[in-house]
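Contents: one structure, followed by commentary.
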Amino acid sequence: MLQTSRTFKENATSAMANAGLQRALTRARPQYAKKRLAAVERLPEFEALRDEARDIKNHAIANLDFYLETYAANVEKSGGIVHWCATAEDARKTVLEIARKAGAKTVTKGKSMVTEEIHLNDYLEANGVTPVETDLAEYILQLRHEPPSHIIGPAFHLNREDWEETFRKSHTDLPADRVFRDARDIQSEARLQLRNKFFAADMGITGANFLIAETGTSVIVTNEGNGDLTQTLPRVHVVVTSIEKVVPTVEDTLSLLRVLARSATGQDISVYTTFSTGARRPGDPDGPEEYHVVLVDNGRSGMVGTEFQEMLRCIRCAACMNHCPVYGVVGGHAYGSTYPGPMGSVLTPMLVGVDEAGQLPNASTFCGKCESVCPVKIPLTGLMRHWREREFERHLTPSAMRYGLSFWAWFARRPGLYRFGTRMAAIGLGLLGRRGGHLPRLPFLGGWTKGRDFPSPEGDTFFARYAAAQRQRNAGGRS
């Protein structure tokens with residue numbers, strides 16, 4: 001994916017003017033929130049599970065080196081091979097080397113955001129290996145040459161007519177006059193196209209939702225079954241995942257699974273939850289002959305011990321973006337990065353630098369909804385605030401904002417002047433807006449009034465009201 005976080009404002013403006021995108025967002029986004037709420041209400045202990053999930057991830061991250069080493073040792077005991085990759089480039093080269101040793105020309109892939117993060121598909125294609133996305137949404141995005149716009153619903157931004165148009169253009173071996181009556185017809189056509197790809201693939205690549213240290217097991221959750229076909233049919237299975245996915249035990253994984261699907265899609269549990277431990281053993285009916293795990297750091301170890309360590313708890317459920325008012329208006333592509341929404345606004349600056357992605361932490365109303373639905377209780381608004389502080393310290397924010405904040409700080413440190421100034425401003429703005437109750441234009445607030453009116457102040461200032469309430473309360477106490 002082309003990194004365009006630097007131009008988030010321009011991306012967002014374009015997204016809001018895109019009628020098709022707005023229709024897709026209006027249709028799809030509320031469904032996730034409704035389904036999550038219904039799933040949570042069916043499980044009285046959900047809040048207690050959130051606390052447990054947070055504590056499990058905190059413990060794993062605090063002991064990350066120990067659990068990664070334990071996991072790697074157990075993978076090797078089960079006949080697998082672990083590859084430690086510090087950077088995205090290391091990970092790409094490692095996967096290509098595995099493919100070349102296996103003589104792989106075609107690779108099937110399950111949905112994996114880490115492979116999107118390291119730009120694996122383009123790299124493989126450039127080196128003579130054909131990757132085939134098998135997740136339905138990822139498949140159509142590959143046909144359209146588009147990146148995902150959501151981490152669990154990659155084609156979140158598409159409408160049904162987009163699917164039909166793309167399938168007609170791409171599947172030219174099928175009758176041009178075929179009719180798509182409903183979504184099932186689209187699914188059936190994709191299944192028909194992908195079936196032979198599964199059997200022909202020399203290697204399968206999946207991500208991992210969790211890595212279990214005590215058993216050396218990788219876990220994936222899917223709703224289509226493509227992940228199982230990707231990792232069991234080819235001769236070689238490669239898991240490409242990031243280091244923070246490790247958890248101590250199977251029991252811990254089961255606890256995390258209880259909050260994952262409910263937070264992501266409103267399901268009690270995903271249709272397929274698959275545990276993979278090593279290569280095929282004697283007597284196994286299926287499975288790969290080779291099992292590789294490519295562990296990707298790509299900046300994550302640098303988050304340990306910093307104020308951003310809590311972001312490593314993320315289990316990629318997308319609940320934060322499903323409830324974010326900013327994401328709900330601009331969609332995922334506007335963020336210009338692999339990870340959109342609130343979680344992306346925290347993670348992306350760590351991966352590509354605040355110079356490149358400094359606008360993303362500002363793409364938030366700080367309403368706190370993302371924190372309230374996060375299954376592992378990541379303080380997302382607080383972490384975005386840390387990035388804003390770093391952006392301000394490095395003079396990356398617009399000069400008008402810096403000077404404005406400096407003036408406000410000078411003003412706020414002088415209580416008498418502050419109270420007098422705000423009272424005069426309230427009176428003046430009230431007089432200007434007394435006819436319509438709003439102000440269509442204001443100096444220094446063009447960014448606000450360009451898209452909306454400024455409400456005319458009514459009544460007194462907060463300080464005056466607070467002082468009056470205090471006097472009334474004191475008078476009541478004396479009586």
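Labeling convention for the structure tokens: chains A, B, ... as they appear, residues from 1 per chain, ligands from 1 in order of appearance.
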Mind checking which residues fall within 6 Å of segment 204-209 of chain A, counting only C-alpha atoms, ignoring those fewer than 4 positions away in the same chain, and posting them as an mmCIF file with N, CA and C atoms, in the first residue's frame?
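Generated file (part_10.cif):
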```cif
data_model
loop_
_atom_site.group_PDB
_atom_site.id
_atom_site.type_symbol
_atom_site.label_atom_id
_atom_site.label_comp_id
_atom_site.auth_asym_id
_atom_site.auth_seq_id
_atom_site.Cartn_x
_atom_site.Cartn_y
_atom_site.Cartn_z
ATOM 1 N N VAL A 107 1.434 -19.088 -4.709
ATOM 2 C CA VAL A 107 1.255 -19.075 -3.259
ATOM 3 C C VAL A 107 -0.164 -18.630 -2.940
ATOM 4 N N THR A 108 -0.925 -19.446 -2.211
ATOM 5 C CA THR A 108 -2.225 -18.984 -1.718
ATOM 6 C C THR A 108 -2.028 -18.295 -0.375
ATOM 7 N N LYS A 109 -2.895 -17.310 -0.090
ATOM 8 C CA LYS A 109 -2.741 -16.507 1.125
ATOM 9 C C LYS A 109 -4.070 -16.375 1.844
ATOM 10 N N GLY A 110 -4.038 -16.567 3.150
ATOM 11 C CA GLY A 110 -5.154 -16.178 3.985
ATOM 12 C C GLY A 110 -5.013 -14.702 4.315
ATOM 13 N N SER A 112 -4.091 -11.496 6.007
ATOM 14 C CA SER A 112 -3.022 -11.165 6.951
ATOM 15 C C SER A 112 -2.657 -9.700 6.815
ATOM 16 N N SER A 218 0.116 -21.895 16.319
ATOM 17 C CA SER A 218 -0.434 -20.662 15.756
ATOM 18 C C SER A 218 -1.947 -20.833 15.616
ATOM 19 N N VAL A 219 -2.678 -19.748 15.847
ATOM 20 C CA VAL A 219 -4.142 -19.787 15.833
ATOM 21 C C VAL A 219 -4.653 -18.752 14.840
ATOM 22 N N ILE A 220 -5.564 -19.163 13.962
ATOM 23 C CA ILE A 220 -6.237 -18.210 13.079
ATOM 24 C C ILE A 220 -7.740 -18.355 13.236
ATOM 25 N N THR A 230 -5.717 -22.997 2.906
ATOM 26 C CA THR A 230 -4.425 -22.389 2.608
ATOM 27 C C THR A 230 -3.297 -23.069 3.368
ATOM 28 N N GLN A 231 -3.566 -23.523 4.573
ATOM 29 C CA GLN A 231 -2.482 -24.076 5.368
ATOM 30 C C GLN A 231 -2.410 -25.601 5.384
ATOM 31 N N PRO A 234 -1.309 -27.027 0.580
ATOM 32 C CA PRO A 234 0.029 -26.933 -0.013
ATOM 33 C C PRO A 234 1.065 -27.750 0.767
ATOM 34 N N HIS A 237 3.604 -24.606 4.603
ATOM 35 C CA HIS A 237 2.782 -23.597 5.280
ATOM 36 C C HIS A 237 3.705 -22.598 5.961
ATOM 37 N N VAL A 238 3.508 -21.318 5.655
ATOM 38 C CA VAL A 238 4.302 -20.246 6.252
ATOM 39 C C VAL A 238 3.370 -19.321 7.028
ATOM 40 N N VAL A 239 3.636 -19.161 8.307
ATOM 41 C CA VAL A 239 2.900 -18.213 9.152
ATOM 42 C C VAL A 239 3.712 -16.929 9.214
ATOM 43 N N VAL A 240 3.144 -15.830 8.755
ATOM 44 C CA VAL A 240 3.809 -14.525 8.835
ATOM 45 C C VAL A 240 3.044 -13.688 9.847
ATOM 46 N N THR A 241 3.681 -13.362 10.941
ATOM 47 C CA THR A 241 2.969 -12.677 12.021
ATOM 48 C C THR A 241 3.929 -11.809 12.819
#
```
Quick one: DSSP strand (DSSP E) residues in segment 228-447 of chain A, as number ranges by chain?
-> A: 236-242, 246-247, 272-276, 290-296, 438-439
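Excluding Ser270 of chain A and any residue on its chain fewer than 3 positions from it, the residues at most 10 Å away by only C-alpha atoms are Ile220, Val221, Thr222, Asn223, Glu224, Leu257, Arg258, Leu260, Ala261, Arg262, Ala264, Thr265, Gly266, Gln267 and Thr273 of chain A.
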Can I get the selection written as an mmCIF file, in the first residue's frame, with C-alpha atoms?
```cif
data_model
loop_
_atom_site.group_PDB
_atom_site.id
_atom_site.type_symbol
_atom_site.label_atom_id
_atom_site.label_comp_id
_atom_site.auth_asym_id
_atom_site.auth_seq_id
_atom_site.Cartn_x
_atom_site.Cartn_y
_atom_site.Cartn_z
ATOM 1 C CA ILE A 220 -6.237 -18.210 13.079
ATOM 2 C CA VAL A 221 -9.919 -17.277 13.066
ATOM 3 C CA THR A 222 -11.896 -17.042 9.823
ATOM 4 C CA ASN A 223 -15.481 -17.204 8.633
ATOM 5 C CA GLU A 224 -14.854 -18.668 5.186
ATOM 6 C CA LEU A 257 -11.104 -15.757 21.790
ATOM 7 C CA ARG A 258 -14.182 -15.062 23.910
ATOM 8 C CA LEU A 260 -12.286 -11.286 19.952
ATOM 9 C CA ALA A 261 -15.222 -12.383 17.790
ATOM 10 C CA ARG A 262 -17.782 -10.580 19.927
ATOM 11 C CA ALA A 264 -15.096 -7.811 15.864
ATOM 12 C CA THR A 265 -18.221 -9.166 14.179
ATOM 13 C CA GLY A 266 -20.703 -9.693 17.011
ATOM 14 C CA GLN A 267 -20.331 -13.475 16.832
ATOM 15 C CA THR A 273 -10.940 -21.350 14.768
#
```
Any chance you could tabulate, as JSON lines, the residues of segment 28-110 of chain A at most 7 Å from segment 275-278 of chain A with each one's nearest atom pair and distance in Å to one decimal, using only C-alpha atoms, in chain and rising number order?
```
{"residue": "A:Val75", "atom": "CA", "partner": "A:Gly278", "partner_atom": "CA", "distance": 6.2}
{"residue": "A:Ser78", "atom": "CA", "partner": "A:Gly278", "partner_atom": "CA", "distance": 5.0}
{"residue": "A:Gly79", "atom": "CA", "partner": "A:Gly278", "partner_atom": "CA", "distance": 5.5}
{"residue": "A:Gly80", "atom": "CA", "partner": "A:Gly278", "partner_atom": "CA", "distance": 4.9}
```
With C-alpha atoms retained, export the selected residues as a PDB file, in the first residue's frame.
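Once everything was written out, this is result-v4.pdb:
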```pdb
ATOM      1  CA  VAL A  75       7.696 -24.818  17.309  1.00  0.00           C
ATOM      2  CA  SER A  78       7.124 -30.010  16.657  1.00  0.00           C
ATOM      3  CA  GLY A  79       9.204 -29.941  13.485  1.00  0.00           C
ATOM      4  CA  GLY A  80       8.712 -26.306  12.514  1.00  0.00           C
TER       5      GLY A  80
END
```
Pick from A:Asn63, A:Thr4, A:Asn159, A:Ser345, whichever lies nearest to Val304 of chain A using only C-alpha atoms |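 Result for the nearest residue to Val304 of chain A: A:Asn63.
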